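Novice: Dropping the structure in here first, questions after.
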Amino acid sequence: MRPFIPPPDPREPRQITLCKGKLFLVDHGNFIMLTSPIILRNGIVVTIEGRMKMPDGTTRLLSEGEYV
C-alpha cells in the first residue's frame, strides 16, 4: 500500500518532501529526486535522508509525506 501524500500547496511553487525514504523537490507539481543536500534561504540544511539541520544546531527528521 502506498502512503498518502497530500498534494503540494499551490501557494508554494517549490517544496521539499520525503517519499519512500527518498528526498524530492516538488517544483510546480513535478517531483525531482534530490541526490545531494539542499540549503534553504533561512540556513536550514536538508540532507538526502530527510534530516533537517537548523541554523541553531538542532536537527529534526522529516516524516514520510511531510513538506518543507
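Letters A, B, ... go to the chains of the C-alpha cells in the order shown; residues in each chain start at 1; ligands are counted from 1 in the same order.
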Determine, counting only C-alpha atoms, which protein, DNA and RNA residues have an atom within 6 Å of an atom of segment 38-51 of chain A; residues of the same chain fewer than 5 positions away are not included. Present the result as a ChimeraX atom specification.
Specialist: /A:23,60-62
Novice: Under the rule that only C-alpha atoms are counted, which of A:Cys19, A:Phe31, A:Pro13, A:Met52 is the nearest residue to Gly65 of chain A?
Specialist: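 Between A:Cys19, A:Phe31, A:Pro13, A:Met52, the residue approaching Gly65 of chain A most closely is A:Cys19.
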Novice: Tell me, as a list in words, which residues lie within 8 Å of Asp27 of chain A, counting only C-alpha atoms; anything in the same chain fewer than 5 positions away does not count.
Specialist: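 In the requested form, the answer reads Pro13, Arg14, Gln15 and Ile32 of chain A.
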Novice: Neighbours of Ile16 of chain A within 6 Å (only C-alpha atoms; same-chain residues fewer than 5 positions away dropped), as a list in words?
Specialist: Phe24, Leu25, Val26, Tyr67 and Val68 of chain A
Novice: The selected residues should be written to file as a PDB file, in the first residue's frame (atoms: N, CA and C atoms).
Specialist:
```
ATOM      1  N   PHE A  24      12.634  14.535  -2.232  1.00  0.00           N
ATOM      2  CA  PHE A  24      12.205  15.077  -3.516  1.00  0.00           C
ATOM      3  C   PHE A  24      11.976  16.577  -3.404  1.00  0.00           C
ATOM      4  N   LEU A  25      12.310  17.287  -4.474  1.00  0.00           N
ATOM      5  CA  LEU A  25      11.932  18.678  -4.646  1.00  0.00           C
ATOM      6  C   LEU A  25      10.681  18.668  -5.492  1.00  0.00           C
ATOM      7  N   VAL A  26       9.629  19.310  -5.012  1.00  0.00           N
ATOM      8  CA  VAL A  26       8.383  19.410  -5.778  1.00  0.00           C
ATOM      9  C   VAL A  26       8.355  20.811  -6.355  1.00  0.00           C
ATOM     10  N   TYR A  67       5.924  18.089   4.064  1.00  0.00           N
ATOM     11  CA  TYR A  67       6.522  19.085   3.172  1.00  0.00           C
ATOM     12  C   TYR A  67       7.238  20.163   3.962  1.00  0.00           C
ATOM     13  N   VAL A  68       8.302  20.697   3.368  1.00  0.00           N
ATOM     14  CA  VAL A  68       9.029  21.857   3.928  1.00  0.00           C
ATOM     15  C   VAL A  68       8.997  22.940   2.875  1.00  0.00           C
TER      16      VAL A  68
END
```
Novice: Give me, please, the distance in Å between atom CA of Lys22 of chain A and atom CA of Glu64 of chain A, quoted to one decimal.
Specialist: 9.2 Å
Novice: Can you measure atom CA of Asp56 of chain A to atom CA of Thr17 of chain A for me? One decimal in Å is fine.
Specialist: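 Separation of atom CA of Asp56 of chain A and atom CA of Thr17 of chain A: 21.8 Å.
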